[in-house]
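Dumped start_35.cif below, it's mmCIF, C-alpha atoms:
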data_run
#
loop_
_atom_site.label_atom_id
_atom_site.label_comp_id
_atom_site.auth_asym_id
_atom_site.auth_seq_id
_atom_site.Cartn_x
_atom_site.Cartn_y
_atom_site.Cartn_z
CA MET A 286 0.00 0.00 0.00
CA THR A 287 1.45 3.36 -0.96
CA ARG A 288 1.96 6.17 1.50
CA ARG A 289 -0.76 8.20 -0.31
CA ALA A 290 -3.27 5.36 0.10
CA LEU A 291 -2.44 5.09 3.81
CA VAL A 292 -3.03 8.82 4.31
CA ALA A 293 -6.37 8.55 2.46
CA LEU A 294 -7.41 5.58 4.61
CA PHE A 295 -6.43 7.42 7.82
CA THR A 296 -8.42 10.50 6.71
CA LEU A 297 -11.49 8.38 5.96
CA LEU A 298 -11.25 6.65 9.34
CA SER A 299 -10.91 9.97 11.14
CA MET A 300 -13.95 11.40 9.33
CA SER A 301 -15.96 8.29 10.13
CA LEU A 302 -15.05 8.51 13.82
CA ALA A 303 -15.90 12.21 13.89
CA LEU A 304 -19.30 11.58 12.29
CA THR A 305 -20.04 8.81 14.81
CA ALA A 306 -19.17 11.11 17.69
CA ALA A 307 -21.40 13.84 16.27
CA GLY A 308 -24.23 11.34 15.85
CA GLU A 309 -23.98 10.37 19.50
CA ALA A 310 -24.10 13.85 21.01
CA ARG A 311 -24.53 13.62 24.75
CA THR A 312 -27.81 14.13 26.58
CA ALA A 313 -27.22 16.09 29.76
CA ILE A 314 -28.33 18.73 32.23
CA THR A 315 -25.76 21.32 33.19
CA GLY A 316 -26.36 24.08 35.64
CA THR A 317 -25.16 26.73 38.00
CA VAL A 318 -26.31 27.07 41.59
CA LYS A 319 -26.08 30.33 43.47
CA SER A 320 -27.59 32.08 46.45
CA LYS A 321 -30.02 34.98 46.11
CA ALA A 322 -27.00 37.14 46.96
CA GLY A 323 -25.16 35.73 43.94
CA LEU A 324 -22.69 33.47 45.74
CA PRO A 325 -21.92 30.12 44.10
CA LEU A 326 -23.16 27.22 46.21
CA PRO A 327 -21.78 23.68 46.39
CA GLY A 328 -24.19 20.85 47.15
CA LEU A 329 -26.14 18.09 45.45
CA ALA A 330 -28.18 17.91 42.24
CA LEU A 331 -30.46 14.85 42.27
CA LEU A 332 -32.83 13.70 39.55
CA GLU A 333 -36.18 11.99 39.52
CA LYS A 334 -37.02 10.23 36.29
CA GLY A 335 -40.40 11.10 34.79
CA GLU A 336 -42.86 13.39 36.58
CA ILE A 337 -41.46 15.41 39.45
CA HIS A 338 -42.40 14.24 42.98
CA ASN A 339 -43.11 10.69 41.77
CA ASN A 340 -40.23 9.44 43.96
CA VAL A 341 -38.57 7.47 41.14
CA TRP A 342 -34.97 8.51 41.61
CA ASP A 343 -32.31 8.23 38.96
CA ARG A 344 -28.93 9.88 38.79
CA GLY A 345 -27.22 12.67 40.66
CA VAL A 346 -23.99 14.61 41.00
CA LEU A 347 -22.12 16.76 43.46
CA VAL A 348 -22.34 20.48 42.73
CA ASP A 349 -18.77 21.81 42.85
CA ALA A 350 -17.47 24.76 44.87
CA SER A 351 -18.04 27.15 41.97
CA GLY A 352 -21.70 26.09 41.85
CA HIS A 353 -21.45 24.07 38.62
CA PHE A 354 -22.81 20.64 37.85
CA THR A 355 -23.40 18.38 34.88
CA ILE A 356 -25.55 15.25 34.90
CA GLU A 357 -25.09 12.90 31.95
CA LEU A 358 -28.32 11.09 31.01
CA ALA A 359 -28.95 7.80 29.28
CA GLU A 360 -31.97 9.27 27.49
CA GLY A 361 -33.96 12.43 26.98
CA GLY A 362 -37.36 13.03 28.53
CA GLN A 363 -39.01 14.51 31.58
CA TYR A 364 -37.11 14.74 34.87
CA GLY A 365 -37.51 16.31 38.28
CA LEU A 366 -34.37 18.22 39.25
CA HIS A 367 -33.81 18.77 42.99
CA VAL A 368 -30.93 20.98 44.11
CA TYR A 369 -29.71 21.07 47.71
CA ALA A 370 -27.12 23.21 49.54
CA SER A 371 -26.53 23.27 53.27
CA GLY A 372 -28.45 26.08 54.98
CA TYR A 373 -30.77 26.66 52.02
CA ILE A 374 -34.31 25.58 51.17
CA TYR A 375 -34.03 22.97 48.44
CA SER A 376 -35.28 23.79 44.98
CA PRO A 377 -37.38 21.37 42.91
CA GLN A 378 -38.16 21.97 39.25
CA ALA A 379 -39.58 19.89 36.41
CA VAL A 380 -37.36 19.88 33.34
CA ARG A 381 -37.52 18.38 29.89
CA VAL A 382 -34.32 17.27 28.19
CA GLU A 383 -34.18 16.54 24.48
CA ALA A 384 -32.15 13.52 23.41
CA GLY A 385 -28.71 14.53 22.17
CA LYS A 386 -28.92 17.99 23.71
CA THR A 387 -27.67 19.64 26.87
CA LEU A 388 -30.19 21.55 28.93
CA GLU A 389 -28.77 24.52 30.81
CA VAL A 390 -30.43 25.57 34.04
CA SER A 391 -29.77 28.27 36.57
CA VAL A 392 -30.84 27.61 40.15
CA THR A 393 -31.13 30.26 42.86
CA LEU A 394 -31.53 29.07 46.44
CA VAL A 395 -32.83 31.05 49.40
CA PRO A 396 -31.51 30.54 52.92
CA GLU A 397 -33.63 28.87 55.58
CA PRO A 398 -34.89 31.74 57.79
CA THR A 399 -34.93 29.41 60.79
CA ARG A 400 -33.53 25.94 61.31
CA ALA A 401 -35.99 25.16 64.10
CA ASN A 402 -38.36 23.26 61.80
CA ASP A 403 -35.73 21.40 59.80
CA PRO A 404 -35.52 17.62 59.88
CA VAL A 405 -32.49 16.35 61.79
CA ILE A 406 -30.15 13.53 60.76
CA LYS A 407 -29.12 12.10 64.12
CA ARG A 408 -26.64 9.56 62.77
CA ALA A 409 -25.68 7.55 59.70
CA GLY A 410 -24.08 4.11 59.56
CA PHE A 411 -23.05 1.21 57.29
CA PHE A 412 -23.78 -2.32 58.47
CA PRO A 413 -22.65 -5.45 56.57
CA TRP A 414 -25.22 -8.23 56.82
CA GLU A 415 -23.27 -11.01 58.55
CA ALA A 416 -25.64 -13.78 57.40
CA ARG A 417 -24.86 -12.85 53.81
CA GLN A 418 -21.08 -12.71 54.41
CA GLY A 419 -21.01 -9.01 53.74
CA LYS A 420 -22.51 -9.39 50.28
CA VAL A 421 -25.24 -7.03 51.37
CA THR A 422 -24.69 -3.86 53.37
CA PHE A 423 -27.41 -1.85 55.06
CA VAL A 424 -27.03 1.92 54.93
CA LYS A 425 -28.98 3.41 57.84
CA LEU A 426 -30.03 6.94 58.70
CA ASP A 427 -31.71 7.95 61.95
CA VAL A 428 -34.02 10.87 61.19
CA ALA A 429 -36.16 13.15 63.37
CA ASP A 430 -38.38 16.08 62.43
CA PRO A 431 -39.54 18.71 64.94
CA ASP A 432 -42.79 19.42 63.06
CA ASP A 433 -43.32 15.76 62.19
CA ASP A 434 -44.09 16.15 58.51
CA LEU A 435 -41.36 14.16 56.84
CA GLY A 436 -41.97 13.22 53.24
CA PRO A 437 -40.37 10.62 50.99
CA GLN A 438 -37.23 12.71 50.54
CA VAL A 439 -34.90 10.88 52.89
CA MET A 440 -32.13 10.75 50.33
CA ALA A 441 -28.89 8.83 49.99
CA PHE A 442 -26.49 9.59 47.17
CA ASN A 443 -23.54 7.47 46.08
CA ALA A 444 -21.21 9.88 44.29
CA ALA A 445 -18.94 7.12 42.91
CA ALA A 446 -21.85 5.40 41.17
CA GLY A 447 -23.85 8.57 40.53
CA ARG A 448 -26.89 6.79 41.98
CA VAL A 449 -29.65 8.39 44.04
CA TYR A 450 -31.87 6.48 46.47
CA ALA A 451 -34.95 7.35 48.52
CA MET A 452 -34.40 5.36 51.72
CA GLU A 453 -36.99 2.92 53.06
CA PRO A 454 -39.01 4.29 55.98
CA PRO A 455 -39.12 2.37 59.27
CA ARG A 456 -42.72 1.38 58.55
CA LYS A 457 -44.92 1.30 55.47
CA VAL A 458 -46.46 4.61 54.42
CA ARG A 459 -49.80 4.69 52.64
CA THR A 460 -49.09 7.42 50.06
CA LEU A 461 -46.30 9.80 49.16
CA LYS A 462 -48.50 12.69 50.37
CA ALA A 463 -48.69 11.21 53.87
CA ASN A 464 -46.43 12.27 56.70
CA PHE A 465 -43.56 9.80 56.86
CA PRO A 466 -42.47 8.42 60.25
CA GLN A 467 -39.43 9.52 62.20
CA GLY A 468 -36.89 6.82 62.99
CA VAL A 469 -34.31 4.70 61.21
CA TYR A 470 -34.49 4.69 57.41
CA GLN A 471 -32.46 2.12 55.53
CA LEU A 472 -31.18 1.02 52.18
CA GLU A 473 -30.00 -2.42 51.12
CA ILE A 474 -26.91 -2.25 48.91
CA ASP A 475 -25.44 -5.15 46.96
CA THR A 476 -21.77 -5.22 47.95
CA SER A 477 -20.94 -8.60 46.42
CA GLN A 478 -18.84 -7.01 43.66
CA VAL A 479 -17.68 -3.69 45.11
CA PRO A 480 -17.29 -3.09 48.85
CA ILE A 481 -19.04 -0.06 50.23
CA ASN A 482 -16.94 3.07 50.69
CA PRO A 483 -18.51 5.46 53.20
CA ARG A 484 -16.60 8.38 51.65
CA ASP A 485 -18.80 8.10 48.56
CA TRP A 486 -22.06 8.55 50.46
CA HIS A 487 -23.96 11.81 51.06
CA PHE A 488 -27.33 12.24 52.76
CA VAL A 489 -29.99 14.95 52.80
CA VAL A 490 -33.58 15.08 54.06
CA ALA A 491 -36.42 17.48 53.18
CA ASP A 492 -39.91 17.48 54.67
CA HIS A 493 -43.29 18.26 53.09
CA GLN A 494 -42.81 21.97 53.82
CA CYS A 495 -39.42 21.96 52.01
CA ASN A 496 -37.50 22.40 55.28
CA THR A 497 -34.13 20.83 54.45
CA THR A 498 -31.26 19.40 56.50
CA ASP A 499 -27.66 20.23 55.84
CA ILE A 500 -26.00 17.74 53.50
CA LEU A 501 -24.28 15.08 55.59
CA SER A 502 -21.04 13.87 53.99
CA PHE A 503 -18.15 11.76 55.23
CA PRO A 504 -17.26 11.35 58.09
CA HIS A 505 -21.04 11.61 58.62
CA GLU A 506 -20.84 13.45 61.93
CA PRO A 507 -23.91 15.70 62.22
CA LYS A 508 -23.24 19.31 63.23
CA SER A 509 -25.62 21.94 64.54
CA PRO A 510 -27.21 23.71 61.58
CA ARG A 511 -26.56 27.42 61.26
CA ILE A 512 -28.63 30.20 59.76
CA ILE A 513 -27.09 31.88 56.74
CA ARG A 514 -27.55 35.67 56.79
CA MET B 160 -75.32 24.64 37.69
CA ALA B 161 -77.69 21.90 38.75
CA ASP B 162 -80.16 19.77 36.81
CA ASP B 163 -83.02 21.19 38.83
CA CYS B 164 -82.23 24.66 37.62
CA ALA B 165 -85.31 26.85 37.94
CA VAL B 166 -84.04 30.19 36.71
CA THR B 167 -84.17 31.24 33.11
CA ARG B 168 -81.13 30.72 30.89
CA GLY B 169 -78.46 33.29 31.63
CA ALA B 170 -80.44 35.09 34.30
CA GLY B 171 -77.95 34.33 37.07
CA VAL B 172 -75.10 35.53 34.93
CA ARG B 173 -76.92 38.72 34.00
CA VAL B 174 -77.58 39.44 37.67
CA ALA B 175 -73.92 38.87 38.53
CA LEU B 176 -72.78 41.11 35.70
CA LEU B 177 -75.28 43.78 36.70
CA LEU B 178 -74.18 43.68 40.34
CA ALA B 179 -70.58 43.85 39.24
CA ALA B 180 -71.29 46.77 36.96
CA VAL B 181 -73.15 48.88 39.50
CA GLY B 182 -70.65 47.95 42.22
CA LEU B 183 -73.11 47.42 45.02
CA PRO B 184 -71.68 47.99 48.48
CA GLY B 185 -70.25 44.82 49.94
CA LEU B 186 -69.61 43.20 46.59
CA ALA B 187 -66.18 43.88 45.16
CA LEU B 188 -64.75 42.49 41.96
CA ALA B 189 -61.64 40.38 41.71
CA GLY B 190 -58.68 42.66 41.63
CA SER B 191 -60.19 45.08 44.13
CA PRO B 192 -57.33 46.76 45.97
CA ASP B 193 -58.38 45.33 49.34
CA LEU B 194 -58.45 41.78 48.08
CA VAL B 195 -55.14 42.10 46.26
CA ALA B 196 -53.50 43.81 49.25
CA GLU B 197 -54.69 41.06 51.59
CA GLY B 198 -53.43 38.46 49.12
CA GLU B 199 -50.05 40.15 49.03
CA ARG B 200 -49.89 40.01 52.83
CA TRP B 201 -50.59 36.26 52.79
CA TRP B 202 -48.06 35.85 49.99
CA THR B 203 -45.25 37.70 51.73
CA LYS B 204 -45.80 36.88 55.41
CA SER B 205 -46.40 33.57 57.11
CA PRO B 206 -49.14 33.63 59.76
CA ASP B 207 -46.94 31.43 61.95
CA PRO B 208 -44.06 33.34 63.60
CA ALA B 209 -42.42 30.01 64.45
CA ASN B 210 -42.30 29.09 60.79
CA PRO B 211 -41.58 32.28 58.85
CA VAL B 212 -41.29 30.65 55.42
CA ALA B 213 -43.89 32.41 53.25
CA CYS B 214 -44.82 31.92 49.60
CA ALA B 215 -42.54 34.80 48.67
CA THR B 216 -39.58 33.27 50.50
CA CYS B 217 -39.07 30.82 47.62
CA HIS B 218 -41.18 32.53 44.93
CA TRP B 219 -39.54 35.92 45.42
CA ASP B 220 -39.17 36.91 41.78
CA PRO B 221 -42.35 38.63 40.46
CA GLY B 222 -41.10 38.03 36.93
CA ALA B 223 -41.20 34.29 37.53
CA THR B 224 -44.71 34.28 39.00
CA ARG B 225 -46.34 36.79 36.64
CA GLY B 226 -47.56 34.09 34.27
CA TRP B 227 -48.90 31.74 36.95
CA ALA B 228 -52.51 32.88 37.03
CA ALA B 229 -52.82 32.66 33.25
CA SER B 230 -51.42 29.11 33.25
CA PHE B 231 -54.31 27.66 35.31
CA PRO B 232 -56.16 25.34 35.33
CA LYS B 233 -53.26 22.96 34.90
CA TRP B 234 -51.75 19.69 36.05
CA LYS B 235 -50.18 20.13 39.48
CA PRO B 236 -47.43 17.57 39.99
CA LEU B 237 -47.99 16.92 43.67
CA PRO B 238 -46.79 13.65 45.18
CA PRO B 239 -49.18 10.84 44.20
CA PRO B 240 -52.09 10.57 44.67
CA GLY B 241 -52.36 14.36 45.00
CA ALA B 242 -51.29 15.11 41.41
CA ARG B 243 -54.19 16.27 39.24
CA VAL B 244 -55.58 19.17 37.25
CA MET B 245 -56.28 22.05 39.61
CA THR B 246 -57.53 25.60 39.47
CA LEU B 247 -55.27 28.34 40.82
CA PHE B 248 -57.50 28.65 43.90
CA GLN B 249 -57.33 24.90 44.58
CA ALA B 250 -53.54 24.89 44.12
CA ASN B 251 -53.20 27.86 46.48
CA ALA B 252 -55.44 26.13 49.03
CA GLU B 253 -53.25 23.02 48.90
CA ALA B 254 -50.11 25.12 49.33
CA VAL B 255 -51.35 27.21 52.28
CA THR B 256 -52.74 24.13 53.99
CA ARG B 257 -49.34 22.47 53.74
CA HIS B 258 -47.05 25.42 54.34
CA TYR B 259 -49.14 27.63 56.64
CA ARG B 260 -51.03 24.74 58.25
CA LEU B 261 -54.35 26.55 58.03
CA SER B 262 -57.36 24.46 58.99
CA ASP B 263 -59.54 26.49 56.62
CA PRO B 264 -57.35 27.67 53.74
CA ARG B 265 -60.09 29.29 51.66
CA ARG B 266 -59.73 32.98 52.53
CA ALA B 267 -55.93 32.92 52.19
CA ALA B 268 -56.18 30.94 48.96
CA ALA B 269 -58.80 33.26 47.48
CA THR B 270 -56.91 36.45 48.27
CA ILE B 271 -53.62 34.98 47.01
CA THR B 272 -55.51 34.06 43.84
CA ALA B 273 -56.60 37.71 43.51
CA TYR B 274 -53.03 38.87 44.16
CA LEU B 275 -51.52 36.54 41.53
CA ALA B 276 -54.25 37.48 39.04
CA ALA B 277 -53.40 41.15 39.57
CA GLN B 278 -49.69 40.38 39.15
CA GLY B 279 -50.49 38.72 35.85
CA ALA B 280 -52.89 41.35 34.54
CA GLY B 281 -52.63 41.52 30.78
CA VAL B 282 -51.09 38.07 30.36
CA PRO B 283 -53.34 36.13 27.95
CA PRO B 284 -54.79 32.87 29.34
CA SER B 285 -52.66 29.86 28.44
CA PRO B 286 -54.01 26.93 30.50
CA GLY B 287 -51.35 24.31 31.10
CA MET B 288 -48.48 26.48 29.95
CA SER B 289 -46.33 29.14 31.61
CA ALA B 290 -44.13 31.48 29.63
CA GLY B 291 -40.49 30.42 29.87
CA GLN B 292 -41.38 27.02 31.34
CA PRO B 293 -41.08 23.69 29.55
CA VAL B 294 -44.21 22.15 28.06
CA PHE B 295 -44.99 18.57 29.12
CA PRO B 296 -47.19 16.67 26.66
CA LYS B 297 -48.46 14.27 29.33
CA ARG B 298 -49.68 17.17 31.47
CA LEU B 299 -51.39 18.78 28.48
CA ARG B 300 -53.15 15.49 27.73
CA ALA B 301 -54.38 15.37 31.34
CA LEU B 302 -55.68 18.93 30.98
CA ALA B 303 -57.42 18.09 27.70
CA ALA B 304 -59.13 15.14 29.42
CA SER B 305 -60.18 17.46 32.25
CA VAL B 306 -61.71 19.91 29.74
CA GLU B 307 -63.68 17.07 28.16
CA ARG B 308 -64.99 15.90 31.54
CA GLY B 309 -65.93 19.51 32.30
CA ARG B 310 -67.74 19.81 28.98
CA ALA B 311 -69.78 16.68 29.71
CA LEU B 312 -70.56 17.88 33.22
CA TYR B 313 -71.63 21.30 31.98
CA THR B 314 -73.90 19.76 29.36
CA ARG B 315 -75.45 17.50 31.94
CA ARG B 316 -75.91 19.95 34.78
CA CYS B 317 -75.61 23.57 33.68
CA ASP B 318 -76.45 23.96 30.04
CA ALA B 319 -80.22 23.93 30.52
CA CYS B 320 -80.08 27.29 32.30
CA HIS B 321 -76.76 28.98 31.44
CA ARG B 322 -75.16 29.71 28.09
CA VAL B 323 -71.55 28.67 28.36
CA GLY B 324 -70.18 31.82 26.76
CA ASP B 325 -71.98 34.00 29.30
CA VAL B 326 -70.70 31.98 32.23
CA ALA B 327 -67.14 31.89 30.88
CA ARG B 328 -67.10 35.68 30.72
CA THR B 329 -67.72 35.89 34.48
CA LEU B 330 -64.62 33.84 35.39
CA THR B 331 -62.50 36.93 35.93
CA ALA B 332 -65.04 38.36 38.39
CA TYR B 333 -63.74 35.90 41.00
CA PRO B 334 -62.63 35.84 43.73
CA ARG B 335 -64.85 38.61 45.02
CA VAL B 336 -65.89 40.11 48.33
CA VAL B 337 -69.44 39.42 49.46
CA GLY B 338 -70.16 41.21 52.72
CA ASP B 339 -67.27 40.30 55.00
CA ARG B 340 -66.61 37.09 53.11
CA VAL B 341 -64.28 36.39 50.22
CA GLU B 342 -65.83 34.08 47.68
CA SER B 343 -63.95 32.10 45.10
CA LEU B 344 -65.56 30.79 41.94
CA GLU B 345 -65.06 27.27 43.30
CA GLU B 346 -67.07 28.08 46.45
CA TYR B 347 -69.76 29.77 44.37
CA VAL B 348 -70.05 26.62 42.25
CA GLU B 349 -70.25 24.48 45.39
CA LEU B 350 -73.12 26.50 46.83
CA HIS B 351 -74.93 27.18 43.56
CA ARG B 352 -78.18 25.23 43.50
CA ARG B 353 -76.74 23.12 46.30
CA ALA B 354 -74.72 21.07 43.84
CA PRO B 355 -73.65 18.29 46.16
CA ILE B 356 -70.86 16.65 44.18
CA LEU B 357 -69.18 19.90 43.27
CA SER B 358 -67.24 20.61 46.43
CA TRP B 359 -64.88 23.54 45.99
CA ASN B 360 -61.82 21.34 46.10
CA SER B 361 -63.04 18.54 43.84
CA GLN B 362 -61.68 17.34 40.55
CA ALA B 363 -65.15 17.87 39.06
CA THR B 364 -65.03 21.57 39.93
CA ALA B 365 -61.57 21.86 38.37
CA ASP B 366 -62.90 20.09 35.26
CA LEU B 367 -65.84 22.46 35.00
CA ILE B 368 -63.59 25.53 35.32
CA ALA B 369 -61.07 24.04 32.87
CA TYR B 370 -63.91 23.76 30.35
CA LEU B 371 -65.17 27.29 31.03
CA THR B 372 -61.62 28.64 30.68
CA GLU B 373 -61.39 26.91 27.32
CA GLU B 374 -64.58 28.72 26.32
CA LEU B 375 -63.23 32.18 27.25
CA PRO B 376 -63.33 34.54 24.28
CA ARG B 377 -59.73 34.90 22.99
#

Re-express the file's structure as structure tokens.
Amino acid sequence: MTRRALVALFTLLSMSLALTAAGEARTAITGTVKSKAGLPLPGLALLEKGEIHNNVWDRGVLVDASGHFTIELAEGGQYGLHVYASGYIYSPQAVRVEAGKTLEVSVTLVPEPTRANDPVIKRAGFFPWEARQGKVTFVKLDVADPDDDLGPQVMAFNAAAGRVYAMEPPRKVRTLKANFPQGVYQLEIDTSQVPINPRDWHFVVADHQCNTTDILSFPHEPKSPRIIR
Amino acid sequence: MADDCAVTRGAGVRVALLLAAVGLPGLALAGSPDLVAEGERWWTKSPDPANPVACATCHWDPGATRGWAASFPKWKPLPPPGARVMTLFQANAEAVTRHYRLSDPRRAAATITAYLAAQGAGVPPSPGMSAGQPVFPKRLRALAASVERGRALYTRRCDACHRVGDVARTLTAYPRVVGDRVESLEEYVELHRRAPILSWNSQATADLIAYLTEELPR
């Protein structure tokens, strides 16, 4: 094969690869999170798949210190985007993402005027199930709420996997509109392939009135919430 | 709005329009300064000092809420099974019940409805859609189904006495002040001819108003 033929083949291959890449443009949500005062806010961006408030959770990401986040999606469609930052009332919004496109959103959070009504994460823990030789680990969160109107948003987020979970309440709840019980919420994680790493896990809880806890990250030691002025 | 309607077609509407036009004492139209001012107070200040989060705490940008009134009736995506098509008054009642913990949310909801309607004065009705917000086909289909249910209900229970166009034109007269009471359209429908299934907060009432909104002259 001559040198000219090789160059032509290489060019064709490159063009083909470029066309493939263009044909598979990513589907994503990217956004900025700031306070009403304009400060960038780090935190969590968690997605529900389908109609917002249906409690079918999908993917999530950490919002970085400059308030930016990007969530890559497997497909376009309707999602519920929930953004959390410690000391702020969480923001829910329904979004629609077209396949192959990136939706840009801008989220402004307002500080909690009081923390007296916020749910409280008392402690978090990771418990391998001995009977299953550690192939299953329970993630547990002890939650209280001064005004006793918890909702389904007792959230666990695994940043390494990008997975979001609504944790199981301590007893069955009739509907998502009902007040959820206080107590120990849990999640059963398959750890047969990959052991659990507590550093990857973040927790946040919001009640029916949108009162929101601080985000609890590793080492998962709850601190007294403060009011942001 | 009942089958046993005894008044002549359109008479109730004509009386309402006449009362509105002459402005009888004790009967104020939607958008009256008192009603709007009271609605603004509910909007901006929680009645519970221990829980100061008010509507305006999160919905602080008037630009973002200006199109709200025009976008109702619409599908409200509350946690199941609460999600359904609602009127603005019903949605406000749900919100103040949850956030302000009011045992009777009707006055707050009605005045907030008046306040939001005043904020959105001049915005053309666009049920199911808010300017600058995404459009969700599934929600629009739910609204279309609600309009059809409302049409059937109107035909069955109201049409014998009231021409739909006349009734639709009175939608903007609510909420209104009657004596020392604030009356929403939903409460008027509930009490009109003692229509027992049309409670102010029912899906049927939302359906009826969705149909009437569809019949508004554009």

Find the residue from A:Asn496, A:Thr317, A:Thr422, A:Ser509 that sits nearest to Ile481 of chain A; use all atoms listed in the file when measuring.
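Nearest to Ile481 of chain A: A:Thr422.
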
List, as a PyMOL selection string, every residue that the PyMOL selection byres ((chain B) within 10 of (chain A)) selects in the file provided.
chain B and resi 209-212+216-219+235-242+254+257-260+292-298

Residues near segment 469-480 of chain A, anyone? I mean within 8 Å using only C-alpha atoms, not counting same-chain ones fewer than 4 positions away, as a list in words.
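The filter keeps Gly419, Lys420, Val421, Thr422, Phe423, Val424, Lys425, Leu426, Asp427, Val428, Val439, Tyr450, Met452, Glu453, Pro454 and Pro455 of chain A.
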
Find the residues around Met288 of chain B up to 9 Å (all atoms listed in the file counted), leave out those fewer than 6 positions away in its own chain, and share them as number ranges by chain.
B: 226-227, 229-231, 233, 294-295, 299

Per-residue nearest contacts of segment 181-280 of chain B to segment 305-328 of chain B (12 Å; all atoms listed in the file) as a Markdown table:
| residue | atom | partner | partner_atom | distance |
| --- | --- | --- | --- | --- |
| B:Pro232 | CA | B:Ser305 | CA | 9.4 |
| B:Lys233 | CA | B:Ser305 | CA | 9.2 |
| B:Trp234 | CA | B:Ser305 | CA | 9.5 |
| B:Arg243 | CA | B:Ser305 | CA | 9.3 |
| B:Val244 | CA | B:Ser305 | CA | 7.0 |
| B:Met245 | CA | B:Ser305 | CA | 9.5 |
| B:Thr246 | CA | B:Ser305 | CA | 11.2 |

Next, dump the selected residues to file, keeping only C-alpha atoms, as a tab-separated table (two decimals), in the frame of the given file.
chain	number	residue	atom	x	y	z
B	232	PRO	CA	-56.16	25.34	35.33
B	233	LYS	CA	-53.26	22.96	34.90
B	234	TRP	CA	-51.75	19.69	36.05
B	243	ARG	CA	-54.19	16.27	39.24
B	244	VAL	CA	-55.58	19.17	37.25
B	245	MET	CA	-56.28	22.05	39.61
B	246	THR	CA	-57.53	25.60	39.47

Any chance you could work out the axis-aligned box around segment 457-464 of chain A, listed atoms only, 4 Å on each side, giving centre and edge lengths in Å to one decimal, as lines of an AutoDock Vina configuration file?
center_x = -47.4
center_y = 7.0
center_z = 52.9
size_x = 12.9
size_y = 19.4
size_z = 15.5

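In this model, the gap between atom CA of Gln467 of chain A and atom CA of Ala429 of chain A comes to 5.0 Å.
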
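Residues with any atom within 10 Å of Asn482 of chain A, counting only C-alpha atoms and excluding same-chain neighbours fewer than 6 positions away, are Phe411, Asn443, Ala445, Thr476 and Phe503 of chain A.
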
Length of the atom CA of Ala350 of chain A to atom CA of Thr224 of chain B vector [Å]:
29.4 Å

Hits of the PyMOL selection byres ((chain B and resi 278) around 9) in this structure, as a list in words
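Checking the PyMOL selection byres ((chain B and resi 278) around 9) against this file, the residues are Pro221, Thr224, Arg225, Gly226, Trp227, Ala228, Ala273, Tyr274, Leu275, Ala276, Ala277, Gly279, Ala280 and Gly281 of chain B.
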
Which residue of A:Gly328, A:Gly365, A:Pro413, A:Gly372 approaches Thr497 of chain A most closely, using all atoms listed in the file
A:Gly372

If the PyMOL selection byres ((chain A and resi 325) around 9) is run on the structure shown, which residues does it catch, given as number ranges by chain?
A: 317-320, 323-324, 326-327, 349-353

Considering all atoms listed in the file, return as number ranges by chain whatever protein or nucleic-acid residues lie within 6 Å of Leu435 of chain A, sequence-local ones (same chain, fewer than 5 positions apart) excluded.
A: 464-465, 492-493

Between atom CA of His367 of chain A and atom CA of Thr256 of chain B, distance in Å (one decimal):
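Atom CA of Thr256 of chain B lies at a distance of 22.5 Å from atom CA of His367 of chain A.
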
With all atoms listed in the file as the atoms that count, which of A:Val489, A:Val348, A:Val368, A:Ile513 lies nearest to Phe442 of chain A?
A:Val489

With a distance cut-off of 10 Å and all atoms listed in the file, select the neighbouring residues of Ile356 of chain A, excluding the residue or stretch itself and same-chain residues fewer than 6 positions from it, and output the selection as number ranges by chain.
A: 312-316, 330-332, 344-348, 387-388, 447

In terms of only C-alpha atoms, the residue from B:Arg352, B:Glu342, B:Thr331, B:Ser262 at minimal distance from Leu371 of chain B is B:Thr331
